[in-house]
>>> print(open('protein_6.cif').read())   # mmCIF, C-alpha atoms
data_start
loop_
_atom_site.label_atom_id
_atom_site.label_comp_id
_atom_site.auth_asym_id
_atom_site.auth_seq_id
_atom_site.Cartn_x
_atom_site.Cartn_y
_atom_site.Cartn_z
CA GLY A 181 46.13 -66.61 -38.17
CA GLY A 182 47.12 -64.23 -40.93
CA GLN A 183 49.67 -62.43 -38.80
CA GLU A 184 52.41 -60.64 -40.69
CA TYR A 185 56.07 -61.37 -39.99
CA ASP A 186 58.35 -59.72 -37.44
CA THR A 187 61.41 -57.72 -38.41
CA GLY A 188 64.55 -57.29 -36.35
CA SER A 189 68.12 -58.56 -36.24
CA ILE A 190 70.30 -61.60 -35.53
CA ALA A 191 73.65 -60.59 -34.05
CA LEU A 192 76.72 -62.21 -32.52
CA ASP A 193 77.06 -61.98 -28.78
CA VAL A 194 79.40 -59.01 -28.15
CA LYS A 195 82.10 -61.23 -26.65
CA ASP A 196 82.37 -63.10 -29.96
CA GLY A 197 82.92 -60.03 -32.13
CA GLU A 198 80.80 -57.81 -34.35
CA ALA A 199 78.30 -59.29 -36.80
CA LYS A 200 74.70 -58.35 -37.54
CA PHE A 201 72.08 -59.77 -39.90
CA GLU A 202 69.14 -57.42 -40.50
CA VAL A 203 65.88 -59.44 -40.73
CA THR A 204 63.31 -57.84 -43.04
CA ASN A 205 60.93 -60.79 -43.42
CA CYS A 206 60.13 -64.17 -41.85
CA GLN A 207 58.32 -67.02 -43.58
CA SER A 208 57.36 -70.55 -42.60
CA PHE A 209 58.64 -73.12 -45.09
CA LYS A 210 58.36 -76.92 -44.71
CA GLY A 211 58.63 -76.85 -40.94
CA TYR A 212 61.32 -74.17 -40.79
CA VAL A 213 61.07 -70.45 -40.05
CA VAL A 214 63.12 -68.76 -42.76
CA HIS A 215 64.65 -65.42 -41.76
CA ILE A 216 65.08 -63.19 -44.81
CA GLY A 217 67.29 -60.11 -44.93
CA HIS A 218 70.89 -59.03 -45.40
CA LEU A 219 74.18 -59.06 -43.50
CA GLU A 220 74.91 -55.53 -42.34
CA GLU A 221 78.35 -56.17 -40.91
CA GLY A 222 80.80 -58.93 -39.96
CA GLU A 223 80.37 -62.63 -40.60
CA LEU A 224 78.03 -65.31 -39.26
CA ASN A 225 78.88 -69.01 -39.25
CA VAL A 226 77.06 -72.21 -38.40
CA GLY A 227 77.40 -72.84 -34.68
CA ASP A 228 77.77 -69.17 -33.68
CA GLU A 229 75.87 -68.12 -30.56
CA VAL A 230 73.63 -65.25 -31.53
CA ILE A 231 71.07 -62.91 -30.03
CA ALA A 232 67.80 -62.59 -31.99
CA THR A 233 65.95 -59.32 -31.44
CA PHE A 234 62.58 -58.33 -32.91
CA ASP A 235 61.40 -54.78 -33.58
CA PRO A 236 59.02 -54.00 -30.67
CA ASP A 237 57.54 -50.95 -32.43
CA ARG A 238 56.40 -53.15 -35.32
CA ARG A 239 55.19 -56.03 -33.14
CA ARG A 240 53.21 -53.88 -30.70
CA PRO A 241 50.39 -52.88 -33.12
CA ILE A 242 50.45 -56.36 -34.67
CA LYS A 243 49.75 -57.85 -31.23
CA SER A 244 46.88 -55.44 -30.70
CA ASN A 245 45.40 -56.20 -34.09
CA HIS A 246 45.72 -59.96 -33.59
CA THR A 247 43.91 -59.97 -30.26
CA ALA A 248 41.33 -57.59 -31.74
CA THR A 249 40.81 -60.11 -34.57
CA HIS A 250 39.94 -62.78 -31.99
CA ILE A 251 37.52 -60.40 -30.28
CA LEU A 252 35.96 -59.54 -33.64
CA ASN A 253 35.56 -63.22 -34.49
CA TYR A 254 33.75 -63.75 -31.18
CA ALA A 255 31.52 -60.68 -31.74
CA LEU A 256 30.57 -61.84 -35.25
CA ARG A 257 29.38 -65.19 -33.93
CA ASP A 258 27.54 -63.47 -31.09
CA VAL A 259 25.68 -61.08 -33.41
CA LEU A 260 25.31 -63.01 -36.68
CA GLY A 261 25.17 -66.61 -35.46
CA ASP A 262 27.17 -69.85 -35.18
CA HIS A 263 27.34 -70.27 -38.96
CA ILE A 264 30.16 -67.72 -39.06
CA ASP A 265 33.43 -69.38 -40.12
CA GLN A 266 36.74 -67.64 -40.65
CA ARG A 267 37.75 -67.80 -44.34
CA GLY A 268 40.90 -65.73 -44.21
CA SER A 269 42.58 -62.93 -42.32
CA LEU A 270 45.40 -60.42 -42.34
CA VAL A 271 47.00 -59.03 -39.19
CA ALA A 272 49.28 -56.14 -40.15
CA PRO A 273 50.75 -53.26 -38.11
CA THR A 274 48.25 -50.74 -39.50
CA LYS A 275 45.05 -52.78 -39.80
CA LEU A 276 43.32 -56.11 -39.50
CA ARG A 277 41.25 -57.79 -42.19
CA PHE A 278 38.82 -60.62 -41.48
CA ASP A 279 36.97 -62.73 -44.08
CA PHE A 280 34.05 -64.88 -42.96
CA SER A 281 31.14 -66.92 -44.27
CA HIS A 282 27.83 -65.04 -44.29
CA LYS A 283 25.22 -64.88 -47.04
CA ALA A 284 24.02 -61.30 -46.57
CA GLN A 285 25.57 -57.89 -46.19
CA VAL A 286 26.14 -56.98 -42.56
CA THR A 287 23.58 -54.28 -41.78
CA LEU A 288 24.52 -51.04 -40.05
CA PRO A 289 22.68 -51.98 -36.81
CA GLU A 290 24.53 -55.33 -36.82
CA LEU A 291 27.82 -53.57 -37.50
CA GLN A 292 27.12 -51.18 -34.66
CA ASN A 293 26.43 -54.07 -32.30
CA ILE A 294 29.59 -55.92 -33.40
CA GLU A 295 31.74 -52.83 -32.80
CA LYS A 296 30.05 -52.24 -29.43
CA ILE A 297 30.87 -55.79 -28.26
CA CYS A 298 34.50 -55.40 -29.36
CA LEU A 299 34.85 -52.13 -27.45
CA GLU A 300 33.26 -53.68 -24.36
CA TRP A 301 35.91 -56.43 -24.36
CA ILE A 302 38.65 -53.83 -24.64
CA GLN A 303 37.17 -51.79 -21.80
CA LYS A 304 36.89 -54.91 -19.59
CA ASP A 305 40.70 -55.12 -19.78
CA VAL A 306 40.75 -58.89 -19.20
CA PRO A 307 43.96 -60.95 -19.45
CA VAL A 308 44.84 -62.95 -22.56
CA PHE A 309 45.99 -66.54 -21.94
CA SER A 310 47.70 -69.13 -24.11
CA LYS A 311 48.78 -72.73 -23.62
CA GLU A 312 49.27 -75.89 -25.65
CA LEU A 313 46.69 -78.64 -25.29
CA ASP A 314 46.39 -81.97 -27.06
CA LEU A 315 44.33 -81.45 -30.22
CA LYS A 316 41.62 -83.99 -29.42
CA SER A 317 40.89 -82.50 -26.00
CA ALA A 318 41.05 -78.91 -27.24
CA ARG A 319 38.39 -79.59 -29.88
CA LEU A 320 35.91 -80.37 -27.08
CA ILE A 321 35.90 -76.78 -25.76
CA PRO A 322 32.47 -75.16 -26.37
CA GLY A 323 32.63 -72.07 -28.58
CA LEU A 324 36.05 -72.96 -30.00
CA ARG A 325 36.91 -70.97 -33.13
CA ALA A 326 39.23 -72.47 -35.74
CA VAL A 327 40.00 -71.67 -39.37
CA PHE A 328 37.82 -73.59 -41.83
CA GLY A 329 39.86 -76.32 -43.58
CA GLU A 330 43.04 -75.64 -41.58
CA THR A 331 45.29 -78.51 -40.41
CA TYR A 332 46.50 -77.96 -36.84
CA PRO A 333 49.50 -79.46 -35.01
CA ASP A 334 49.13 -81.75 -32.03
CA PRO A 335 49.54 -80.39 -29.41
CA VAL A 336 47.90 -77.14 -30.48
CA ARG A 337 48.25 -73.68 -28.96
CA VAL A 338 44.99 -72.34 -27.52
CA VAL A 339 44.47 -68.61 -26.93
CA THR A 340 41.68 -67.41 -24.64
CA LEU A 341 40.33 -64.23 -23.11
CA GLU A 342 39.45 -63.81 -19.41
CA TYR A 343 39.58 -67.53 -18.55
CA ASP A 344 42.95 -69.25 -18.15
CA VAL A 345 43.55 -72.13 -20.55
CA GLU A 346 44.71 -74.13 -17.54
CA GLU A 347 41.32 -73.60 -15.89
CA ILE A 348 39.50 -74.52 -19.11
CA SER A 349 41.55 -77.71 -19.52
CA LYS A 350 40.24 -79.00 -16.18
CA ASP A 351 36.59 -78.71 -17.30
CA LEU A 352 36.77 -78.90 -21.09
CA GLU A 353 33.07 -79.18 -21.89
CA ASN A 354 31.74 -76.49 -19.56
CA PRO A 355 29.22 -74.38 -21.61
CA LYS A 356 30.39 -71.16 -20.00
CA TRP A 357 33.47 -71.15 -22.24
CA ARG A 358 31.11 -70.07 -25.05
CA LYS A 359 30.94 -66.69 -23.31
CA THR A 360 34.52 -65.88 -24.26
CA SER A 361 36.91 -66.14 -27.18
CA VAL A 362 38.68 -69.49 -27.52
CA GLU A 363 40.84 -70.02 -30.62
CA PHE A 364 43.63 -72.19 -31.99
CA CYS A 365 46.40 -69.70 -32.71
CA GLY A 366 50.17 -69.51 -32.98
CA GLY A 367 50.45 -65.73 -33.16
CA THR A 368 51.43 -62.95 -30.79
CA HIS A 369 48.91 -61.18 -28.54
CA VAL A 370 48.63 -58.39 -25.99
CA ALA A 371 48.80 -59.21 -22.28
CA LYS A 372 45.40 -57.61 -21.57
CA THR A 373 42.57 -56.56 -23.88
CA GLY A 374 42.84 -52.99 -22.54
CA ASP A 375 46.24 -52.70 -24.26
CA ILE A 376 44.36 -52.46 -27.58
CA LYS A 377 42.96 -49.09 -26.39
CA GLU A 378 40.78 -48.25 -29.42
CA PHE A 379 38.92 -50.21 -32.09
CA THR A 380 36.80 -49.20 -35.05
CA ILE A 381 35.48 -50.97 -38.14
CA MET A 382 36.51 -49.18 -41.32
CA GLU A 383 34.83 -51.20 -44.04
CA GLU A 384 32.38 -54.04 -44.69
CA SER A 385 32.17 -55.62 -48.13
CA GLY A 386 31.52 -58.79 -50.08
CA ILE A 387 34.50 -60.46 -51.76
CA ALA A 388 32.84 -63.62 -53.11
CA LYS A 389 29.50 -65.40 -52.99
CA GLY A 390 28.71 -66.03 -49.33
CA ILE A 391 31.96 -64.43 -48.13
CA ARG A 392 32.08 -61.03 -46.38
CA ARG A 393 35.10 -58.96 -45.35
CA LEU A 394 35.61 -56.58 -42.46
CA ILE A 395 38.57 -54.21 -42.16
CA ALA A 396 39.25 -52.60 -38.79
CA VAL A 397 41.95 -50.59 -37.05
CA THR A 398 43.08 -50.25 -33.45
CA GLY A 399 45.08 -47.87 -31.26
CA THR A 400 46.65 -44.88 -33.00
CA GLU A 401 45.11 -45.73 -36.40
CA ALA A 402 41.63 -45.85 -34.85
CA ARG A 403 42.11 -42.47 -33.16
CA GLU A 404 43.39 -40.94 -36.41
CA ALA A 405 40.41 -42.32 -38.34
CA VAL A 406 38.00 -40.72 -35.86
CA LYS A 407 39.89 -37.40 -36.07
CA THR A 408 39.57 -37.50 -39.86
CA ALA A 409 35.83 -38.04 -39.48
CA GLU A 410 35.68 -34.99 -37.20
CA LEU A 411 37.34 -32.92 -39.95
CA PHE A 412 34.56 -34.01 -42.31
CA GLU A 413 32.01 -32.88 -39.71
CA SER A 414 33.64 -29.44 -39.69
CA ARG A 415 33.67 -29.37 -43.48
CA PHE A 416 29.97 -30.32 -43.52
CA SER A 417 29.17 -27.40 -41.20
CA ALA A 418 31.16 -25.05 -43.44
CA VAL A 419 29.25 -26.16 -46.55
CA GLN A 420 25.91 -25.58 -44.84
CA ALA A 421 26.96 -21.98 -44.16
CA MET A 422 27.74 -21.35 -47.85
CA MET A 423 25.40 -19.72 -50.35
CA GLY A 424 24.41 -20.15 -53.99
CA ARG A 425 26.74 -21.80 -56.46
CA GLU A 426 29.50 -22.11 -53.85
CA LYS A 427 27.18 -24.25 -51.73
CA GLU A 428 26.23 -26.39 -54.71
CA GLU A 429 29.89 -27.03 -55.51
CA GLY A 430 30.63 -27.56 -51.82
CA TYR A 431 28.05 -30.33 -51.53
CA LYS A 432 29.31 -32.01 -54.71
CA ALA A 433 32.94 -31.96 -53.55
CA LEU A 434 32.03 -33.09 -50.02
CA THR A 435 29.99 -36.03 -51.32
CA VAL A 436 32.83 -37.23 -53.56
CA ALA A 437 35.45 -36.82 -50.82
CA LEU A 438 33.25 -38.56 -48.26
CA ASN A 439 32.73 -41.58 -50.50
CA GLN A 440 36.51 -41.92 -50.82
CA ALA A 441 37.33 -41.10 -47.19
CA ASP A 442 39.19 -43.55 -44.97
CA ILE A 443 37.05 -43.06 -41.88
CA PRO A 444 35.08 -45.43 -39.59
CA ALA A 445 32.28 -47.19 -41.46
CA LEU A 446 29.53 -46.26 -39.00
CA LEU A 447 30.57 -42.60 -38.87
CA LYS A 448 30.82 -42.52 -42.67
CA ALA A 449 27.33 -44.00 -43.13
CA ASP A 450 25.81 -41.56 -40.63
CA LEU A 451 27.60 -38.53 -42.12
CA ARG A 452 26.79 -39.60 -45.68
CA ASP A 453 23.07 -39.86 -44.80
CA ARG A 454 23.04 -36.44 -43.12
CA VAL A 455 24.90 -34.80 -46.01
CA ALA A 456 22.49 -36.36 -48.52
CA THR A 457 19.47 -35.19 -46.48
CA LYS A 458 20.71 -31.61 -46.13
CA ARG A 459 21.77 -31.48 -49.77
CA LYS A 460 18.33 -32.70 -50.87
CA GLU A 461 16.62 -30.13 -48.64
CA TRP A 462 18.81 -27.34 -50.03
CA GLU A 463 18.26 -28.41 -53.65
CA SER A 464 14.51 -28.51 -53.02
CA GLU A 465 14.66 -24.98 -51.59
CA MET A 466 16.69 -23.80 -54.59
CA ARG A 467 14.21 -25.33 -57.05
CA ALA A 468 11.32 -23.67 -55.24
CA ARG A 469 13.16 -20.34 -55.21
CA GLU A 470 14.06 -20.59 -58.89
CA SER A 471 10.49 -21.53 -59.72
CA ALA A 472 9.21 -18.47 -57.86
CA VAL A 473 11.74 -16.22 -59.61
CA THR A 474 10.83 -17.72 -62.98
CA LYS A 475 7.12 -17.18 -62.42
CA ALA A 476 7.62 -13.62 -61.18
CA ALA A 477 9.88 -12.77 -64.13
CA GLY A 478 7.22 -13.84 -66.64
CA GLN A 479 4.48 -11.99 -64.76
CA ALA A 480 6.58 -8.81 -64.72
CA VAL A 481 6.60 -8.73 -68.54
CA ALA A 482 2.83 -9.13 -68.73
CA LYS A 483 2.28 -6.44 -66.09
CA TYR A 484 4.60 -4.03 -67.93
CA PHE A 485 2.63 -4.24 -71.14
CA GLU A 486 -0.70 -4.04 -69.24
CA GLU A 487 0.43 -0.77 -67.75
CA GLN A 488 2.10 0.48 -70.95
CA PRO A 489 0.15 -1.06 -73.86
CA ASN A 490 1.75 1.29 -76.38
CA ALA A 491 5.36 0.49 -75.40
CA ILE A 492 7.46 -0.63 -78.38
CA GLY A 493 9.16 -3.32 -76.32
CA TYR A 494 10.47 -4.51 -72.97
CA PHE A 495 14.14 -3.54 -72.62
CA THR A 496 15.56 -3.69 -69.09
CA GLN A 497 17.85 -5.24 -66.51
CA VAL A 498 16.19 -7.91 -64.34
CA GLN A 499 17.26 -9.49 -61.06
CA ILE A 500 17.35 -13.19 -61.89
CA GLY A 501 21.09 -13.85 -61.43
CA GLY A 502 22.18 -16.73 -63.65
CA ASN A 503 18.72 -18.33 -63.75
CA ALA A 504 18.42 -19.44 -67.39
CA LYS A 505 14.88 -20.78 -66.81
CA ALA A 506 13.71 -17.38 -65.64
CA LEU A 507 15.26 -15.80 -68.72
CA GLN A 508 13.44 -18.30 -70.91
CA SER A 509 10.19 -17.52 -69.09
CA ILE A 510 10.57 -13.82 -69.89
CA LEU A 511 11.25 -14.53 -73.57
CA SER A 512 8.31 -16.94 -73.73
CA GLN A 513 6.03 -14.29 -72.24
CA GLY A 514 7.20 -11.84 -74.91
CA LYS A 515 6.42 -14.43 -77.57
CA THR A 516 2.94 -15.02 -76.10
CA LEU A 517 2.23 -11.31 -76.18
CA GLY A 518 3.89 -10.82 -79.58
CA LYS A 519 6.10 -8.08 -78.11
CA PRO A 520 9.83 -7.44 -78.60
CA VAL A 521 11.87 -8.21 -75.47
CA TYR A 522 15.54 -7.80 -74.55
CA VAL A 523 16.59 -8.37 -70.94
CA PHE A 524 19.88 -8.50 -69.03
CA SER A 525 20.78 -10.05 -65.67
CA VAL A 526 24.05 -9.90 -63.78
CA ASP A 527 25.25 -13.22 -62.36
CA GLU A 528 27.28 -11.87 -59.44
CA GLU A 529 28.79 -15.24 -58.47
CA ALA A 530 30.04 -15.99 -61.97
CA GLY A 531 30.92 -12.36 -62.81
CA LYS A 532 28.94 -12.69 -66.06
CA VAL A 533 25.96 -11.10 -67.77
CA LEU A 534 23.09 -13.32 -68.89
CA HIS A 535 21.10 -11.75 -71.72
CA GLY A 536 18.46 -12.77 -74.23
CA ASN A 537 15.86 -11.43 -76.63
CA TYR A 538 12.65 -12.24 -78.47
CA LEU A 539 11.85 -10.59 -81.79
CA PRO A 540 8.40 -11.03 -83.39
CA GLN A 541 8.44 -11.98 -87.05
CA SER A 542 6.63 -8.72 -87.84
CA ALA A 543 9.62 -6.76 -86.46
CA SER A 544 12.34 -8.65 -88.30
CA SER A 545 13.75 -7.82 -91.71
CA SER A 546 16.28 -9.19 -94.16
CA GLY A 547 19.10 -7.42 -92.33
CA PHE A 548 17.81 -7.69 -88.79
CA ASP A 549 16.77 -10.66 -86.62
CA ALA A 550 17.23 -11.85 -83.04
CA ARG A 551 20.72 -13.21 -83.78
CA SER A 552 22.07 -10.01 -85.33
CA TRP A 553 20.44 -8.02 -82.52
CA ALA A 554 22.27 -10.11 -79.87
CA ALA A 555 25.53 -9.94 -81.83
CA SER A 556 25.40 -6.12 -81.86
CA VAL A 557 24.72 -6.04 -78.09
CA SER A 558 27.60 -8.48 -77.48
CA GLU A 559 29.97 -5.88 -78.93
CA VAL A 560 29.16 -3.81 -75.83
CA ILE A 561 29.13 -6.43 -73.04
CA GLY A 562 31.55 -8.95 -74.58
CA GLY A 563 31.17 -12.68 -74.71
CA LYS A 564 29.19 -14.62 -77.28
CA ALA A 565 25.55 -14.99 -78.29
CA GLY A 566 23.55 -17.15 -80.65
CA GLY A 567 20.14 -18.60 -81.32
CA LYS A 568 17.34 -18.55 -83.88
CA PRO A 569 15.83 -15.79 -86.03
CA ASP A 570 13.16 -15.06 -83.40
CA THR A 571 15.10 -15.59 -80.17
CA ALA A 572 18.73 -15.45 -79.09
CA GLN A 573 20.70 -15.69 -75.86
CA GLY A 574 24.22 -14.95 -74.75
CA VAL A 575 26.63 -14.57 -71.86
CA GLY A 576 28.58 -11.32 -71.58
CA THR A 577 31.76 -10.57 -69.68
CA GLU A 578 31.51 -6.80 -69.08
CA VAL A 579 29.33 -6.54 -65.97
CA SER A 580 29.93 -2.79 -65.64
CA LYS A 581 28.41 -2.11 -69.08
CA VAL A 582 24.95 -3.57 -68.53
CA ALA A 583 23.21 -0.18 -68.42
CA GLU A 584 24.91 0.79 -71.68
CA ALA A 585 23.91 -2.56 -73.23
CA VAL A 586 20.23 -2.00 -72.31
CA LYS A 587 20.34 1.38 -73.99
CA VAL A 588 22.07 0.03 -77.11
CA ALA A 589 19.55 -2.85 -77.39
CA GLU A 590 16.64 -0.43 -77.36
CA GLU A 591 18.33 1.96 -79.80
CA ILE A 592 19.11 -0.84 -82.27
CA PHE A 593 15.49 -2.03 -82.20
CA ALA A 594 14.10 1.50 -82.58
CA LYS A 595 16.38 2.12 -85.55
CA SER A 596 15.30 -1.16 -87.22
CA ALA A 597 11.65 -0.23 -86.78
CA GLN A 598 11.99 3.06 -88.66
#
>>> encode(input="protein_6.cif", output="structure tokens")
Amino acid sequence: GGQEYDTGSIALDVKDGEAKFEVTNCQSFKGYVVHIGHLEEGELNVGDEVIATFDPDRRRPIKSNHTATHILNYALRDVLGDHIDQRGSLVAPTKLRFDFSHKAQVTLPELQNIEKICLEWIQKDVPVFSKELDLKSARLIPGLRAVFGETYPDPVRVVTLEYDVEEISKDLENPKWRKTSVEFCGGTHVAKTGDIKEFTIMEESGIAKGIRRLIAVTGTEAREAVKTAELFESRFSAVQAMMGREKEEGYKALTVALNQADIPALLKADLRDRVATKRKEWESEMRARESAVTKAAGQAVAKYFEEQPNAIGYFTQVQIGGNAKALQSILSQGKTLGKPVYVFSVDEEAGKVLHGNYLPQSASSSGFDARSWAASVSEVIGGKAGGKPDTAQGVGTEVSKVAEAVKVAEEIFAKSAQ
């Protein structure tokens, strides 16, 4: 059934002396169970009486995951239909993996229902039974689950939930056995389904045409996965409380981390949808705000020249932060009016100064254009600037010198106009 091996030791009985073989792997090979490992001490010989001991801490979660695999198999058939056939599985200490035949992706509502059924079986805390039956008789049990293409021994071990195999064997074809899990299995299992404690599906994916894969965890791993999801909830709340560029970066980082997170599939899908919705709402608000700022910035230039038609130019500090579109709107308005413009805006978050100018062709000369104008201003506020003969932009580094830069920009233009 895909169950991983036990580890443990094979040791001489104390009365026979000291000898211990540490078992690190077990594999079935041509009818034998091969114990793989190394001799830690002493000597073992053919015929010695030994005590074989398995590691209970390793087997305990394996047992939980194996019984959970049977419950999952039952839930899949119950939700998706009788066409579900097991096509592979892995039962490890930290997780279970189950491959099955199904032509479509398992939807989130289906996944939710499957997980709900599994948790209900765990909460019912019913006993787990096992017994060998002759293969021909066992195949008559309604609802029996077996691995597609597998060859089983005769007699075969049957593992059931809630109903004793002994009871089932006395009424093999009773349809009520379909209401529980009945499987051919040679693996280890918990005594009661309640021993599994927790269960959550971590991932659903397609691995081949018509073959889907579910990965789930139980017990401690399931609790830890839920705790990790709760940390993402806290992080989501923190991002929503952020402002400006920090919020933008927060949403980007959260989205990437969430996509890579090892948390329950249903919680991940729900959180991912909520993050995407809030991020979209925030981005829409930011676009609307930037659009309003951009429009207002352009209108301010027009209003300035309406009120002061004889002004030689528009030289000032504006409150547009790092909004490059608003800066462009101001320069475009200057171009429309045919008026010289040089504006500065402090981007508080970045600790930079955004600046740009427009110079009408009538105001330029062989030694003076928008680029040289911006270059002279950059000597005051630092950073770099560049552009075309009629318009240039730059980013400065000296936030404290903006007022001085405004003054210098106006003085340079006035001097060039003389």
>>> closest_atom_pairs(input="protein_6.cif", of="region 236-312 of chain A", to="region 371-374 of chain A", cutoff="7 Å", atoms="all atoms listed in the file", output="Markdown table")
| residue | atom | partner | partner_atom | distance |
| --- | --- | --- | --- | --- |
| A:Trp301 | CA | A:Thr373 | CA | 6.7 |
| A:Ile302 | CA | A:Gly374 | CA | 4.8 |
| A:Gln303 | CA | A:Gly374 | CA | 5.8 |
| A:Lys304 | CA | A:Gly374 | CA | 6.9 |
| A:Asp305 | CA | A:Gly374 | CA | 4.1 |
| A:Val306 | CA | A:Lys372 | CA | 5.4 |
| A:Pro307 | CA | A:Lys372 | CA | 4.2 |
| A:Val308 | CA | A:Ala371 | CA | 5.5 |
>>> closest_atom_pairs(input="protein_6.cif", of="region 448-510 of chain A", to="region 411-426 of chain A", cutoff="12 Å", atoms="all atoms listed in the file", output="Markdown table")
| residue | atom | partner | partner_atom | distance |
| --- | --- | --- | --- | --- |
| A:Lys448 | CA | A:Phe412 | CA | 9.3 |
| A:Asp450 | CA | A:Glu413 | CA | 10.7 |
| A:Leu451 | CA | A:Glu413 | CA | 7.6 |
| A:Arg452 | CA | A:Phe416 | CA | 10.0 |
| A:Asp453 | CA | A:Phe416 | CA | 11.8 |
| A:Arg454 | CA | A:Phe416 | CA | 9.3 |
| A:Val455 | CA | A:Phe416 | CA | 7.2 |
| A:Ala456 | CA | A:Phe416 | CA | 10.8 |
| A:Thr457 | CA | A:Gln420 | CA | 11.7 |
| A:Lys458 | CA | A:Gln420 | CA | 8.1 |
| A:Arg459 | CA | A:Gln420 | CA | 8.7 |
| A:Glu461 | CA | A:Gln420 | CA | 11.0 |
| A:Trp462 | CA | A:Gln420 | CA | 9.0 |
| A:Glu463 | CA | A:Gly424 | CA | 10.3 |
| A:Glu465 | CA | A:Gly424 | CA | 11.1 |
| A:Met466 | CA | A:Gly424 | CA | 8.6 |
| A:Arg467 | CA | A:Gly424 | CA | 11.8 |
| A:Arg469 | CA | A:Gly424 | CA | 11.3 |
| A:Glu470 | CA | A:Gly424 | CA | 11.5 |
| A:Gly501 | CA | A:Gly424 | CA | 10.3 |
| A:Gly502 | CA | A:Arg425 | CA | 9.9 |
| A:Asn503 | CA | A:Arg425 | CA | 11.4 |
>>> atom_distance(input="protein_6.cif", atom1="CA of Val533 (chain A)", atom2="CA of Thr496 (chain A)")
12.8 Å
>>> resolve_selection(input="protein_6.cif", expression="the PyMOL selection byres ((chain A and resi 204) around 7)", output="list in words")
Thr187, Gly188, Glu202, Val203, Asn205, Ile216 and Gly217 of chain A
>>> residues_around(input="protein_6.cif", residues="region 382-396 of chain A", least_positions_apart="4", cutoff="6 Å", atoms="all atoms listed in the file", output="ChimeraX atom specification")
/A:275-283,444-445
>>> resolve_selection(input="protein_6.cif", expression="the PyMOL selection byres ((chain A and resi 525) around 12)", output="MDAnalysis selection string")
chainID A and resid 477 495:504 506:507 510 522:524 526:536 561 573:583 585:586
>>> atom_distance(input="protein_6.cif", atom1="CA of Ser244 (chain A)", atom2="CA of Glu363 (chain A)")
15.8 Å
>>> atom_distance(input="protein_6.cif", atom1="CA of Ile348 (chain A)", atom2="CA of Tyr254 (chain A)")
17.2 Å
>>> resolve_selection(input="protein_6.cif", expression="the PyMOL selection byres ((chain A and resi 548) around 10)", output="PyMOL selection string")
chain A and resi 539+543-547+549-553+569+592-593+596-597
>>> write_last_selection(input="protein_6.cif", atoms="C-alpha atoms", output="mmCIF file, in the frame of the given file")
data_model
loop_
_atom_site.group_PDB
_atom_site.id
_atom_site.type_symbol
_atom_site.label_atom_id
_atom_site.label_comp_id
_atom_site.auth_asym_id
_atom_site.auth_seq_id
_atom_site.Cartn_x
_atom_site.Cartn_y
_atom_site.Cartn_z
ATOM 1 C CA LEU A 539 11.850 -10.590 -81.790
ATOM 2 C CA ALA A 543 9.620 -6.760 -86.460
ATOM 3 C CA SER A 544 12.340 -8.650 -88.300
ATOM 4 C CA SER A 545 13.750 -7.820 -91.710
ATOM 5 C CA SER A 546 16.280 -9.190 -94.160
ATOM 6 C CA GLY A 547 19.100 -7.420 -92.330
ATOM 7 C CA ASP A 549 16.770 -10.660 -86.620
ATOM 8 C CA ALA A 550 17.230 -11.850 -83.040
ATOM 9 C CA ARG A 551 20.720 -13.210 -83.780
ATOM 10 C CA SER A 552 22.070 -10.010 -85.330
ATOM 11 C CA TRP A 553 20.440 -8.020 -82.520
ATOM 12 C CA PRO A 569 15.830 -15.790 -86.030
ATOM 13 C CA ILE A 592 19.110 -0.840 -82.270
ATOM 14 C CA PHE A 593 15.490 -2.030 -82.200
ATOM 15 C CA SER A 596 15.300 -1.160 -87.220
ATOM 16 C CA ALA A 597 11.650 -0.230 -86.780
#
>>> residues_near_point(input="protein_6.cif", point="(5.8, -16.2, -75.0)", cutoff="12 Å", atoms="all atoms listed in the file", output="mmCIF file with C-alpha atoms, in the frame of the given file")
data_model
loop_
_atom_site.group_PDB
_atom_site.id
_atom_site.type_symbol
_atom_site.label_atom_id
_atom_site.label_comp_id
_atom_site.auth_asym_id
_atom_site.auth_seq_id
_atom_site.Cartn_x
_atom_site.Cartn_y
_atom_site.Cartn_z
ATOM 1 C CA GLY A 478 7.220 -13.840 -66.640
ATOM 2 C CA GLN A 479 4.480 -11.990 -64.760
ATOM 3 C CA VAL A 481 6.600 -8.730 -68.540
ATOM 4 C CA ALA A 482 2.830 -9.130 -68.730
ATOM 5 C CA LEU A 507 15.260 -15.800 -68.720
ATOM 6 C CA GLN A 508 13.440 -18.300 -70.910
ATOM 7 C CA SER A 509 10.190 -17.520 -69.090
ATOM 8 C CA ILE A 510 10.570 -13.820 -69.890
ATOM 9 C CA LEU A 511 11.250 -14.530 -73.570
ATOM 10 C CA SER A 512 8.310 -16.940 -73.730
ATOM 11 C CA GLN A 513 6.030 -14.290 -72.240
ATOM 12 C CA GLY A 514 7.200 -11.840 -74.910
ATOM 13 C CA LYS A 515 6.420 -14.430 -77.570
ATOM 14 C CA THR A 516 2.940 -15.020 -76.100
ATOM 15 C CA LEU A 517 2.230 -11.310 -76.180
ATOM 16 C CA GLY A 518 3.890 -10.820 -79.580
ATOM 17 C CA LYS A 519 6.100 -8.080 -78.110
ATOM 18 C CA PRO A 520 9.830 -7.440 -78.600
ATOM 19 C CA VAL A 521 11.870 -8.210 -75.470
ATOM 20 C CA ASN A 537 15.860 -11.430 -76.630
ATOM 21 C CA TYR A 538 12.650 -12.240 -78.470
ATOM 22 C CA LEU A 539 11.850 -10.590 -81.790
ATOM 23 C CA PRO A 540 8.400 -11.030 -83.390
ATOM 24 C CA ASP A 570 13.160 -15.060 -83.400
ATOM 25 C CA THR A 571 15.100 -15.590 -80.170
#
